[in-house]
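Listing of protein_28.cif, mmCIF, C-alpha atoms and all ligand atoms
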data_protein
#
loop_
_atom_site.group_PDB
_atom_site.id
_atom_site.type_symbol
_atom_site.label_atom_id
_atom_site.label_comp_id
_atom_site.auth_asym_id
_atom_site.auth_seq_id
_atom_site.Cartn_x
_atom_site.Cartn_y
_atom_site.Cartn_z
ATOM 1 C CA MET A 25 -121.080 87.606 167.570
ATOM 2 C CA GLN A 26 -122.491 90.474 165.526
ATOM 3 C CA ILE A 27 -124.434 89.978 162.309
ATOM 4 C CA ILE A 28 -124.021 92.596 159.634
ATOM 5 C CA SER A 29 -126.376 92.691 156.707
ATOM 6 C CA THR A 30 -125.625 95.893 154.828
ATOM 7 C CA VAL A 31 -122.653 97.217 152.887
ATOM 8 C CA SER A 32 -122.730 100.528 154.774
ATOM 9 C CA ALA A 33 -122.708 98.771 158.183
ATOM 10 C CA MET A 34 -119.793 96.596 157.060
ATOM 11 C CA GLN A 35 -117.844 99.647 155.884
ATOM 12 C CA ALA A 36 -118.576 101.518 159.120
ATOM 13 C CA LEU A 37 -117.478 98.544 161.210
ATOM 14 C CA ARG A 38 -114.304 98.070 159.187
ATOM 15 C CA ARG A 39 -113.254 101.682 159.670
ATOM 16 C CA ASN A 40 -113.057 101.017 163.420
ATOM 17 C CA LEU A 41 -111.091 97.753 163.268
ATOM 18 C CA THR A 42 -107.336 98.087 163.631
ATOM 19 C CA SER A 43 -106.078 94.597 164.522
ATOM 20 C CA SER A 44 -105.500 91.565 162.282
ATOM 21 C CA ILE A 45 -108.562 90.250 160.462
ATOM 22 C CA GLY A 46 -109.193 86.759 159.112
ATOM 23 C CA LEU A 47 -111.933 86.498 156.465
ATOM 24 C CA VAL A 48 -113.654 83.221 155.606
ATOM 25 C CA PRO A 49 -115.941 83.727 152.576
ATOM 26 C CA THR A 50 -118.722 81.118 152.338
ATOM 27 C CA MET A 51 -122.060 80.475 150.689
ATOM 28 C CA GLY A 52 -123.433 79.070 153.973
ATOM 29 C CA TYR A 53 -124.858 75.638 154.767
ATOM 30 C CA LEU A 54 -121.669 75.183 156.732
ATOM 31 C CA HIS A 55 -119.918 71.861 157.288
ATOM 32 C CA GLU A 56 -116.666 70.651 158.848
ATOM 33 C CA GLY A 57 -114.707 71.899 155.817
ATOM 34 C CA HIS A 58 -115.839 75.498 156.443
ATOM 35 C CA LEU A 59 -115.334 75.103 160.182
ATOM 36 C CA SER A 60 -111.731 73.998 159.648
ATOM 37 C CA LEU A 61 -111.151 77.326 157.830
ATOM 38 C CA VAL A 62 -112.868 79.226 160.627
ATOM 39 C CA ARG A 63 -110.755 77.500 163.284
ATOM 40 C CA ARG A 64 -107.556 78.309 161.444
ATOM 41 C CA ALA A 65 -108.665 81.933 160.999
ATOM 42 C CA ARG A 66 -109.545 82.076 164.716
ATOM 43 C CA CYS A 67 -106.080 80.818 165.598
ATOM 44 C CA GLU A 68 -104.175 83.238 163.330
ATOM 45 C CA ASN A 69 -106.074 86.534 163.697
ATOM 46 C CA ASP A 70 -107.439 88.876 166.359
ATOM 47 C CA ILE A 71 -110.759 89.234 164.561
ATOM 48 C CA VAL A 72 -112.640 86.677 162.452
ATOM 49 C CA ILE A 73 -115.243 87.670 159.875
ATOM 50 C CA VAL A 74 -117.265 84.983 158.061
ATOM 51 C CA SER A 75 -119.350 86.008 155.077
ATOM 52 C CA ILE A 76 -122.441 84.061 154.086
ATOM 53 C CA PHE A 77 -123.780 84.904 150.643
ATOM 54 C CA VAL A 78 -125.092 82.566 147.957
ATOM 55 C CA ASN A 79 -123.602 84.489 145.060
ATOM 56 C CA PRO A 80 -125.995 84.325 142.083
ATOM 57 C CA SER A 81 -123.404 85.521 139.568
ATOM 58 C CA GLN A 82 -121.320 82.348 139.906
ATOM 59 C CA PHE A 83 -124.217 80.012 139.010
ATOM 60 C CA GLY A 84 -124.948 79.200 135.370
ATOM 61 C CA PRO A 85 -128.528 79.375 134.029
ATOM 62 C CA ASN A 86 -128.940 75.574 134.342
ATOM 63 C CA GLU A 87 -127.224 75.234 137.714
ATOM 64 C CA ASP A 88 -128.612 74.839 141.226
ATOM 65 C CA LEU A 89 -128.982 78.451 142.471
ATOM 66 C CA GLY A 90 -132.677 77.907 143.245
ATOM 67 C CA THR A 91 -132.148 74.697 145.184
ATOM 68 C CA TYR A 92 -128.760 75.491 146.746
ATOM 69 C CA PRO A 93 -129.143 74.450 150.421
ATOM 70 C CA ARG A 94 -129.550 77.256 152.967
ATOM 71 C CA ASP A 95 -129.911 77.248 156.764
ATOM 72 C CA LEU A 96 -128.838 80.601 158.198
ATOM 73 C CA GLU A 97 -129.959 79.884 161.778
ATOM 74 C CA HIS A 98 -127.928 76.669 161.958
ATOM 75 C CA ASP A 99 -124.924 78.396 160.339
ATOM 76 C CA LEU A 100 -125.083 81.195 162.912
ATOM 77 C CA ALA A 101 -125.214 78.677 165.794
ATOM 78 C CA LEU A 102 -122.099 76.908 164.454
ATOM 79 C CA LEU A 103 -120.253 80.212 164.008
ATOM 80 C CA ARG A 104 -121.210 81.423 167.491
ATOM 81 C CA GLU A 105 -119.800 78.176 168.890
ATOM 82 C CA ALA A 106 -116.595 78.695 166.848
ATOM 83 C CA GLN A 107 -116.239 82.161 168.446
ATOM 84 C CA VAL A 108 -116.505 84.136 165.259
ATOM 85 C CA ASP A 109 -116.683 87.891 165.838
ATOM 86 C CA TYR A 110 -118.701 89.059 162.834
ATOM 87 C CA VAL A 111 -120.917 87.426 160.233
ATOM 88 C CA PHE A 112 -121.499 89.427 157.069
ATOM 89 C CA ALA A 113 -124.731 88.118 155.531
ATOM 90 C CA PRO A 114 -126.000 90.701 153.010
ATOM 91 C CA SER A 115 -128.966 90.431 150.660
ATOM 92 C CA ASN A 116 -128.585 90.172 146.925
ATOM 93 C CA ASP A 117 -129.574 93.803 146.406
ATOM 94 C CA GLU A 118 -126.885 95.000 148.804
ATOM 95 C CA LEU A 119 -124.113 93.456 146.702
ATOM 96 C CA TYR A 120 -125.736 93.674 143.274
ATOM 97 C CA PRO A 121 -127.976 96.759 143.346
ATOM 98 C CA PRO A 122 -129.971 97.719 140.255
ATOM 99 C CA ARG A 123 -127.745 98.771 137.327
ATOM 100 C CA TYR A 124 -124.758 96.871 138.737
ATOM 101 C CA GLN A 125 -122.277 96.385 135.869
ATOM 102 C CA THR A 126 -118.707 95.894 137.106
ATOM 103 C CA TRP A 127 -116.935 92.550 136.799
ATOM 104 C CA VAL A 128 -113.515 91.178 137.689
ATOM 105 C CA GLU A 129 -112.282 88.597 135.210
ATOM 106 C CA LEU A 130 -108.988 86.750 134.679
ATOM 107 C CA SER A 131 -108.007 86.045 131.098
ATOM 108 C CA GLU A 132 -106.428 82.573 131.165
ATOM 109 C CA LEU A 133 -106.823 80.410 134.283
ATOM 110 C CA PRO A 134 -110.662 80.376 134.111
ATOM 111 C CA GLN A 135 -110.561 78.848 130.618
ATOM 112 C CA GLN A 136 -109.424 75.473 131.980
ATOM 113 C CA LEU A 137 -111.070 72.644 133.970
ATOM 114 C CA GLU A 138 -114.152 73.896 135.868
ATOM 115 C CA GLY A 139 -114.139 77.196 134.012
ATOM 116 C CA ALA A 140 -114.278 75.437 130.633
ATOM 117 C CA ARG A 141 -117.447 73.595 131.717
ATOM 118 C CA ARG A 142 -119.031 76.403 133.723
ATOM 119 C CA PRO A 143 -118.823 79.566 131.573
ATOM 120 C CA GLY A 144 -118.921 82.717 133.690
ATOM 121 C CA HIS A 145 -118.533 80.833 136.978
ATOM 122 C CA PHE A 146 -115.136 82.241 137.885
ATOM 123 C CA ARG A 147 -116.057 85.738 136.737
ATOM 124 C CA GLY A 148 -118.785 85.569 139.403
ATOM 125 C CA VAL A 149 -116.360 84.216 142.010
ATOM 126 C CA THR A 150 -113.584 86.745 141.366
ATOM 127 C CA THR A 151 -116.081 89.607 141.321
ATOM 128 C CA ILE A 152 -117.771 88.707 144.597
ATOM 129 C CA VAL A 153 -114.506 87.876 146.357
ATOM 130 C CA SER A 154 -113.039 91.232 145.221
ATOM 131 C CA LYS A 155 -116.068 92.971 146.697
ATOM 132 C CA LEU A 156 -115.699 91.038 149.957
ATOM 133 C CA PHE A 157 -111.993 91.898 150.076
ATOM 134 C CA HIS A 158 -112.761 95.602 149.589
ATOM 135 C CA LEU A 159 -115.481 95.566 152.226
ATOM 136 C CA THR A 160 -113.555 93.668 154.910
ATOM 137 C CA ARG A 161 -109.909 94.434 153.961
ATOM 138 C CA PRO A 162 -108.674 91.238 155.656
ATOM 139 C CA THR A 163 -105.126 90.482 156.751
ATOM 140 C CA ARG A 164 -105.648 86.876 155.693
ATOM 141 C CA ALA A 165 -108.357 85.158 153.636
ATOM 142 C CA TYR A 166 -109.102 81.450 153.912
ATOM 143 C CA PHE A 167 -110.194 79.079 151.128
ATOM 144 C CA GLY A 168 -110.404 75.295 150.810
ATOM 145 C CA GLN A 169 -108.078 73.243 148.641
ATOM 146 C CA LYS A 170 -111.149 71.287 147.529
ATOM 147 C CA ASP A 171 -111.964 74.092 145.082
ATOM 148 C CA ALA A 172 -108.387 74.107 143.803
ATOM 149 C CA GLN A 173 -108.960 76.105 140.628
ATOM 150 C CA GLN A 174 -110.894 78.728 142.582
ATOM 151 C CA ALA A 175 -108.063 78.997 145.128
ATOM 152 C CA LEU A 176 -105.395 79.277 142.411
ATOM 153 C CA ILE A 177 -107.399 81.860 140.464
ATOM 154 C CA LEU A 178 -107.932 83.936 143.609
ATOM 155 C CA ARG A 179 -104.224 83.696 144.441
ATOM 156 C CA ARG A 180 -103.463 85.071 140.963
ATOM 157 C CA MET A 181 -106.094 87.810 141.372
ATOM 158 C CA VAL A 182 -104.677 88.873 144.751
ATOM 159 C CA ALA A 183 -101.222 89.219 143.178
ATOM 160 C CA ASP A 184 -102.443 90.912 139.977
ATOM 161 C CA LEU A 185 -104.735 93.432 141.700
ATOM 162 C CA ASN A 186 -102.314 94.072 144.595
ATOM 163 C CA PHE A 187 -104.720 93.115 147.361
ATOM 164 C CA ALA A 188 -102.649 93.527 150.550
ATOM 165 C CA LEU A 189 -103.627 90.231 152.124
ATOM 166 C CA GLN A 190 -102.347 86.726 152.536
ATOM 167 C CA MET A 191 -104.227 83.905 150.827
ATOM 168 C CA ILE A 192 -104.390 80.774 152.965
ATOM 169 C CA ILE A 193 -105.398 77.539 151.223
ATOM 170 C CA CYS A 194 -106.454 74.861 153.739
ATOM 171 C CA PRO A 195 -106.512 71.060 153.287
ATOM 172 C CA THR A 196 -109.673 69.328 152.090
ATOM 173 C CA VAL A 197 -111.763 67.836 154.890
ATOM 174 C CA ARG A 198 -113.283 64.456 154.041
ATOM 175 C CA GLU A 199 -116.156 62.272 155.178
ATOM 176 C CA ALA A 200 -115.299 58.811 156.575
ATOM 177 C CA HIS A 201 -115.180 57.153 153.131
ATOM 178 C CA GLY A 202 -113.056 59.858 151.564
ATOM 179 C CA LEU A 203 -115.750 62.019 149.963
ATOM 180 C CA ALA A 204 -114.608 65.658 150.103
ATOM 181 C CA MET A 205 -116.995 67.695 152.257
ATOM 182 C CA SER A 206 -119.311 69.934 150.239
ATOM 183 C CA SER A 207 -122.698 71.520 150.835
ATOM 184 C CA ARG A 208 -123.816 69.742 147.645
ATOM 185 C CA ASN A 209 -123.157 66.275 149.199
ATOM 186 C CA ASN A 210 -126.522 66.889 150.750
ATOM 187 C CA TYR A 211 -128.105 65.962 147.392
ATOM 188 C CA LEU A 212 -126.897 62.322 147.898
ATOM 189 C CA SER A 213 -128.225 59.525 150.141
ATOM 190 C CA ALA A 214 -125.975 58.052 152.846
ATOM 191 C CA GLU A 215 -125.291 55.042 150.619
ATOM 192 C CA GLU A 216 -124.471 57.208 147.607
ATOM 193 C CA ARG A 217 -122.091 59.322 149.690
ATOM 194 C CA GLN A 218 -120.233 56.167 150.591
ATOM 195 C CA GLY A 219 -120.000 55.164 146.901
ATOM 196 C CA ALA A 220 -118.814 58.684 146.077
ATOM 197 C CA GLY A 221 -115.657 57.913 148.031
ATOM 198 C CA VAL A 222 -114.528 56.469 144.682
ATOM 199 C CA LEU A 223 -113.314 59.940 143.607
ATOM 200 C CA TYR A 224 -110.755 60.013 146.395
ATOM 201 C CA GLN A 225 -109.847 56.357 145.777
ATOM 202 C CA ALA A 226 -109.074 57.263 142.157
ATOM 203 C CA LEU A 227 -106.921 60.215 143.223
ATOM 204 C CA GLN A 228 -105.132 58.107 145.818
ATOM 205 C CA ALA A 229 -104.394 55.358 143.280
ATOM 206 C CA ALA A 230 -102.771 57.961 141.013
ATOM 207 C CA GLN A 231 -100.891 59.453 143.944
ATOM 208 C CA SER A 232 -99.497 56.003 144.852
ATOM 209 C CA ALA A 233 -98.324 55.465 141.278
ATOM 210 C CA TYR A 234 -96.691 58.914 141.289
ATOM 211 C CA ASP A 235 -95.020 58.172 144.638
ATOM 212 C CA ALA A 236 -93.712 54.919 143.133
ATOM 213 C CA GLY A 237 -92.088 56.929 140.312
ATOM 214 C CA GLU A 238 -94.755 57.080 137.573
ATOM 215 C CA ARG A 239 -94.392 60.415 135.737
ATOM 216 C CA CYS A 240 -96.500 59.852 132.609
ATOM 217 C CA ALA A 241 -99.515 62.169 132.938
ATOM 218 C CA GLU A 242 -101.690 60.053 130.638
ATOM 219 C CA ARG A 243 -100.910 56.934 132.687
ATOM 220 C CA LEU A 244 -102.118 58.738 135.841
ATOM 221 C CA ARG A 245 -105.331 59.779 134.054
ATOM 222 C CA GLU A 246 -105.798 56.157 132.994
ATOM 223 C CA ILE A 247 -105.343 54.910 136.563
ATOM 224 C CA MET A 248 -108.006 57.351 137.777
ATOM 225 C CA ARG A 249 -110.330 56.399 134.898
ATOM 226 C CA ASP A 250 -110.006 52.683 135.775
ATOM 227 C CA VAL A 251 -110.862 53.201 139.447
ATOM 228 C CA LEU A 252 -113.859 55.428 138.621
ATOM 229 C CA ALA A 253 -115.115 52.826 136.133
ATOM 230 C CA GLN A 254 -115.681 50.435 139.048
ATOM 231 C CA GLU A 255 -118.521 52.641 140.360
ATOM 232 C CA PRO A 256 -121.506 52.689 137.967
ATOM 233 C CA LEU A 257 -123.034 55.769 139.656
ATOM 234 C CA ALA A 258 -119.931 57.802 138.757
ATOM 235 C CA ARG A 259 -120.051 59.433 135.279
ATOM 236 C CA PRO A 260 -116.756 61.301 134.896
ATOM 237 C CA GLU A 261 -116.956 64.630 133.083
ATOM 238 C CA TYR A 262 -113.200 65.192 133.157
ATOM 239 C CA ILE A 263 -110.161 63.412 134.549
ATOM 240 C CA SER A 264 -107.241 65.773 134.529
ATOM 241 C CA ALA A 265 -103.513 65.887 135.191
ATOM 242 C CA ALA A 266 -102.635 69.545 134.717
ATOM 243 C CA ASP A 267 -99.750 71.890 135.301
ATOM 244 C CA LEU A 268 -100.498 73.532 138.659
ATOM 245 C CA GLU A 269 -99.478 77.029 137.502
ATOM 246 C CA THR A 270 -101.194 77.183 134.094
ATOM 247 C CA LEU A 271 -103.912 74.530 134.718
ATOM 248 C CA THR A 272 -103.355 73.208 131.173
ATOM 249 C CA GLU A 273 -103.215 69.442 130.605
ATOM 250 C CA ILE A 274 -99.734 67.958 130.822
ATOM 251 C CA PRO A 275 -99.125 66.227 127.471
ATOM 252 C CA GLY A 276 -96.129 64.034 128.385
ATOM 253 C CA LEU A 277 -94.118 63.635 131.548
ATOM 254 C CA ILE A 278 -94.817 65.445 134.810
ATOM 255 C CA THR A 279 -91.747 67.547 135.570
ATOM 256 C CA GLY A 280 -93.101 70.116 138.041
ATOM 257 C CA PRO A 281 -96.034 70.720 140.397
ATOM 258 C CA ALA A 282 -99.223 69.080 139.075
ATOM 259 C CA LEU A 283 -102.904 69.179 139.855
ATOM 260 C CA LEU A 284 -104.827 65.917 139.533
ATOM 261 C CA SER A 285 -108.519 66.750 139.437
ATOM 262 C CA LEU A 286 -111.878 65.159 138.705
ATOM 263 C CA ALA A 287 -115.410 66.323 138.012
ATOM 264 C CA VAL A 288 -117.897 63.495 138.363
ATOM 265 C CA PRO A 289 -121.664 63.809 138.146
ATOM 266 C CA PHE A 290 -122.795 61.168 140.634
ATOM 267 C CA ALA A 291 -126.041 59.193 140.638
ATOM 268 C CA GLY A 292 -127.508 61.899 138.375
ATOM 269 C CA LYS A 293 -127.873 64.090 141.482
ATOM 270 C CA ALA A 294 -124.676 65.938 142.346
ATOM 271 C CA ARG A 295 -121.710 67.082 140.325
ATOM 272 C CA LEU A 296 -118.757 66.214 142.568
ATOM 273 C CA ILE A 297 -115.239 67.613 142.234
ATOM 274 C CA ASP A 298 -112.044 66.645 144.013
ATOM 275 C CA ASN A 299 -108.279 67.002 143.562
ATOM 276 C CA ILE A 300 -104.848 66.325 144.930
ATOM 277 C CA TRP A 301 -101.611 68.191 144.333
ATOM 278 C CA LEU A 302 -98.395 66.481 143.277
ATOM 279 C CA GLY A 303 -94.948 67.901 143.919
ATOM 280 C CA THR A 304 -96.205 70.838 146.000
ATOM 281 C CA SER A 305 -98.757 71.716 148.667
ATOM 282 C CA PRO A 306 -100.715 74.870 149.518
ATOM 283 C CA ASP A 307 -98.169 75.663 152.242
ATOM 284 C CA THR A 308 -95.182 75.453 149.900
ATOM 285 C CA LEU A 309 -96.638 77.361 146.923
ATOM 286 C CA PRO A 310 -94.248 80.147 145.919
ATOM 287 C CA ALA A 311 -95.413 83.758 146.265
ATOM 288 C CA LEU A 312 -96.467 85.257 142.923
HETATM 289 O O1 LIG A 401 -116.209 78.605 147.672
HETATM 290 C C1 LIG A 401 -117.289 79.228 147.835
HETATM 291 O O2 LIG A 401 -118.119 78.896 148.686
HETATM 292 C C2 LIG A 401 -117.603 80.433 146.953
HETATM 293 O O3 LIG A 401 -117.163 80.235 145.657
HETATM 294 C C3 LIG A 401 -117.070 81.756 147.527
HETATM 295 C C4 LIG A 401 -115.552 81.770 147.595
HETATM 296 C C5 LIG A 401 -117.647 81.995 148.909
HETATM 297 C C6 LIG A 401 -117.502 82.933 146.623
HETATM 298 O O4 LIG A 401 -118.882 83.017 146.537
#

Here is the file; what I need is its structure written in the form of C-alpha cells.
Amino acid sequence: MQIISTVSAMQALRRNLTSSIGLVPTMGYLHEGHLSLVRRARCENDIVIVSIFVNPSQFGPNEDLGTYPRDLEHDLALLREAQVDYVFAPSNDELYPPRYQTWVELSELPQQLEGARRPGHFRGVTTIVSKLFHLTRPTRAYFGQKDAQQALILRRMVADLNFALQMIICPTVREAHGLAMSSRNNYLSAEERQGAGVLYQALQAAQSAYDAGERCAERLREIMRDVLAQEPLARPEYISAADLETLTEIPGLITGPALLSLAVPFAGKARLIDNIWLGTSPDTLPAL
C-alpha cells in the first residue's frame, strides 16, 4: 500500500493508472461502515484508492473540526489489511493553498434537511469531492447511505458536471443496538450508544407502518416522534419525511420514493443522523 500526500504525486500516479479505479473518500477514523465501502470497492475494481482528509470547509464555525477524532496510523493498518492499493492523505495546504477561492455549489438540494441547519456544509463537501474526483478520476466512487443527503447531492453533482464515474451508495452499517456507525459515535459512552439505538427504532417503527399501508407523511413523522420521546437523552432537531428527489417535506400522502430522516443531538454530546428510504433503494435509483 502506497501513501500519497501531495497533489502533484497523486496526479503523477494517476497518469500511469489505466485499469478500473474505485475511490472511497473518507475523513479517517475508520470504522466498519468505511470498511464495508472499501471491501465493495476492492471487489469491483482493479485498483482501490482511499482518501483520508478532514475537510475544514465542510465544518461550520461552531462545529467539531478541532476535536474531530483522528488516528492515521490505525487507519493505515486497517486499510493495509483490507488490501487497499493507495491512500491519499494530503495536508490542508495541499488542497486549499493560500488564495484558494473556487467552490462547487448546488442551488437547491443543499437548502433542505442537513443543509438548512448546517449552512455551507454541502458547499464544502461538493467542493472537496470534486477535487478528489479530478485528482483520482475514479471509475466508481463509494459513499454510505447513512449520509443520504450527501449521497443524493453528490449523485446530482456527478450528473450535472458530467463526471464520468459511477456513484455507488452502500447500505448503512449499524452497531448491535441499531446505532448507525459514525466516527462521531466516539463522543458517546457505551451506555449512551445503546440508548442511541432509539433513532433506528423510530425509523423502523415508521417503516413498519408504511409496510402495513400507512401513506400519510405526517403520521409517519408522528410515529418517529413518539418513539424518540421515550428516550430522554434524545433531543430531536428534525424528524422528516421528504420526497427523495427534491428532499422537500411531503405535505400529504406519500406517492413516490421517500426519505425518512432524523437529526438528534444525543446526551448533549453528539449530533446523530440516520435515515431509511421508502419505495426505492440505492441500487434501484434511476440514472439522472
Ligand atoms: O462523508 C464524509 O466522510 C465526507 O463528507 C467526505 C465525503 C469524505 C467529504 O469530505

Legend entry - Separation of atom CA of A:Arg259 from atom CA of A:Phe290 in Å: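 Between atom CA of A:Phe290 and atom CA of A:Arg259 the gap works out to 6.3 Å.
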
Could you spell out the hits of the PyMOL selection byres (((chain A and resi 211) around 10) and not hetatm) on the shown file, as a tab-separated table (two decimals) with C-alpha atoms, keeping the file's coordinate frame?
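Saved to out19.tsv:
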chain	number	residue	atom	x	y	z
A	91	THR	CA	-132.15	74.70	145.18
A	92	TYR	CA	-128.76	75.49	146.75
A	93	PRO	CA	-129.14	74.45	150.42
A	207	SER	CA	-122.70	71.52	150.84
A	208	ARG	CA	-123.82	69.74	147.65
A	209	ASN	CA	-123.16	66.28	149.20
A	210	ASN	CA	-126.52	66.89	150.75
A	212	LEU	CA	-126.90	62.32	147.90
A	213	SER	CA	-128.22	59.52	150.14
A	214	ALA	CA	-125.98	58.05	152.85
A	216	GLU	CA	-124.47	57.21	147.61
A	217	ARG	CA	-122.09	59.32	149.69
A	290	PHE	CA	-122.80	61.17	140.63
A	291	ALA	CA	-126.04	59.19	140.64
A	292	GLY	CA	-127.51	61.90	138.38
A	293	LYS	CA	-127.87	64.09	141.48
A	294	ALA	CA	-124.68	65.94	142.35
A	295	ARG	CA	-121.71	67.08	140.32

Could you expand the PyMOL selection byres (((chain A and resi 97-113) around 9) and not hetatm) into the explicit residues it covers here, written as a CSV table (one decimal) with C-alpha atoms, in the coordinates of the input?
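Written file, expr_18.csv:
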chain,number,residue,atom,x,y,z
A,25,MET,CA,-121.1,87.6,167.6
A,26,GLN,CA,-122.5,90.5,165.5
A,27,ILE,CA,-124.4,90.0,162.3
A,28,ILE,CA,-124.0,92.6,159.6
A,29,SER,CA,-126.4,92.7,156.7
A,30,THR,CA,-125.6,95.9,154.8
A,31,VAL,CA,-122.7,97.2,152.9
A,34,MET,CA,-119.8,96.6,157.1
A,52,GLY,CA,-123.4,79.1,154.0
A,53,TYR,CA,-124.9,75.6,154.8
A,54,LEU,CA,-121.7,75.2,156.7
A,55,HIS,CA,-119.9,71.9,157.3
A,59,LEU,CA,-115.3,75.1,160.2
A,62,VAL,CA,-112.9,79.2,160.6
A,63,ARG,CA,-110.8,77.5,163.3
A,66,ARG,CA,-109.5,82.1,164.7
A,71,ILE,CA,-110.8,89.2,164.6
A,72,VAL,CA,-112.6,86.7,162.5
A,73,ILE,CA,-115.2,87.7,159.9
A,74,VAL,CA,-117.3,85.0,158.1
A,75,SER,CA,-119.4,86.0,155.1
A,76,ILE,CA,-122.4,84.1,154.1
A,77,PHE,CA,-123.8,84.9,150.6
A,94,ARG,CA,-129.6,77.3,153.0
A,95,ASP,CA,-129.9,77.2,156.8
A,96,LEU,CA,-128.8,80.6,158.2
A,114,PRO,CA,-126.0,90.7,153.0
A,115,SER,CA,-129.0,90.4,150.7

Just need the box for stretch 261-271 of chain A, edges along x, y and z, holding every atom the file lists for it with 6 Å tacked onto each side, so centre and edge lengths in Å to one decimal, as JSON.
{"center_x": -108.2, "center_y": 70.3, "center_z": 135.9, "size_x": 29.5, "size_y": 25.8, "size_z": 17.6}

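Restricting the calculation to all atoms listed in the file, the smallest distance between A:Glu132 and any of A:Leu302, A:Ala36, A:Leu283, A:Leu271 is found for A:Leu271.
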
Inset, instruction - Rank nothing, just name the residue among A:Pro49, A:Pro122, A:Gly57, A:Pro310 nearest to A:Ser206, using only C-alpha atoms. - result: A:Gly57

Inset, instruction - Identify, on the basis of only C-alpha atoms, every residue whose closest approach to A:Ala172 does not exceed 10 Å; exclude the query and any residue fewer than 2 positions from it along the same chain; express the result as JSON, numbers by chain. - result: {"A": [138, 167, 168, 169, 170, 174, 175, 176, 177, 178, 193, 196, 268, 283, 284, 285, 297, 298, 299, 300, 301, 306]}

Legend entry - Expected selection from the PyMOL selection byres (((chain A and resi 275-279) around 6) and not hetatm), given as a PyMOL selection string: chain A and resi 239-241+274+280

Legend entry - Neighbourhood of ligand LIG 401 (chain A) at 7 Å, counting all atoms listed in the file, reported as a PyMOL selection string: chain A and resi 49-51+77-79+149+152-153+167+171

Inset, instruction - Kindly give the distance, in Å, that separates atom CA of A:Glu273 and atom CA of A:Ala230, rounded to a single decimal. - result: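 Atom CA of A:Glu273 sits 15.5 Å away from atom CA of A:Ala230.
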
Skip stretch 243-249 of chain A itself and residues of its chain fewer than 6 positions away, then list as a compact mmCIF listing (two decimals) with C-alpha atoms, keeping the file's coordinate frame all residues within 9 Å of it, counting all atoms listed in the file.
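Final file, out_22.txt:
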# COMPACT_ATOMS: atom_id res chain seq x y z
CA LEU A 223 -113.31 59.94 143.61
CA GLN A 225 -109.85 56.36 145.78
CA ALA A 226 -109.07 57.26 142.16
CA LEU A 227 -106.92 60.22 143.22
CA GLN A 228 -105.13 58.11 145.82
CA ALA A 229 -104.39 55.36 143.28
CA ALA A 230 -102.77 57.96 141.01
CA GLN A 231 -100.89 59.45 143.94
CA ALA A 233 -98.32 55.46 141.28
CA TYR A 234 -96.69 58.91 141.29
CA PRO A 260 -116.76 61.30 134.90
CA ILE A 263 -110.16 63.41 134.55
CA SER A 264 -107.24 65.77 134.53
CA ALA A 265 -103.51 65.89 135.19
CA LEU A 284 -104.83 65.92 139.53
CA LEU A 286 -111.88 65.16 138.71

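Taking atom CA of A:Pro143 as the reference point, atom CA of A:Ala266 is found at 19.3 Å.
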
Legend entry - For A:Glu129, the nearest of the candidates A:Ala165, A:Leu185, A:Ala258, A:Phe83, counting all atoms listed in the file: A:Leu185

Inset, instruction - Just the residues within 12 Å of A:Asp70, please, counting only C-alpha atoms, with nothing from its chain fewer than 5 positions along; format it as a list of chain:residue names. - result: A:Leu41, A:Thr42, A:Ser43, A:Ser44, A:Ile45, A:Gly46, A:Leu47, A:Arg64, A:Ala65, A:Gln107, A:Val108, A:Asp109, A:Tyr110, A:Pro162, A:Thr163, A:Arg164
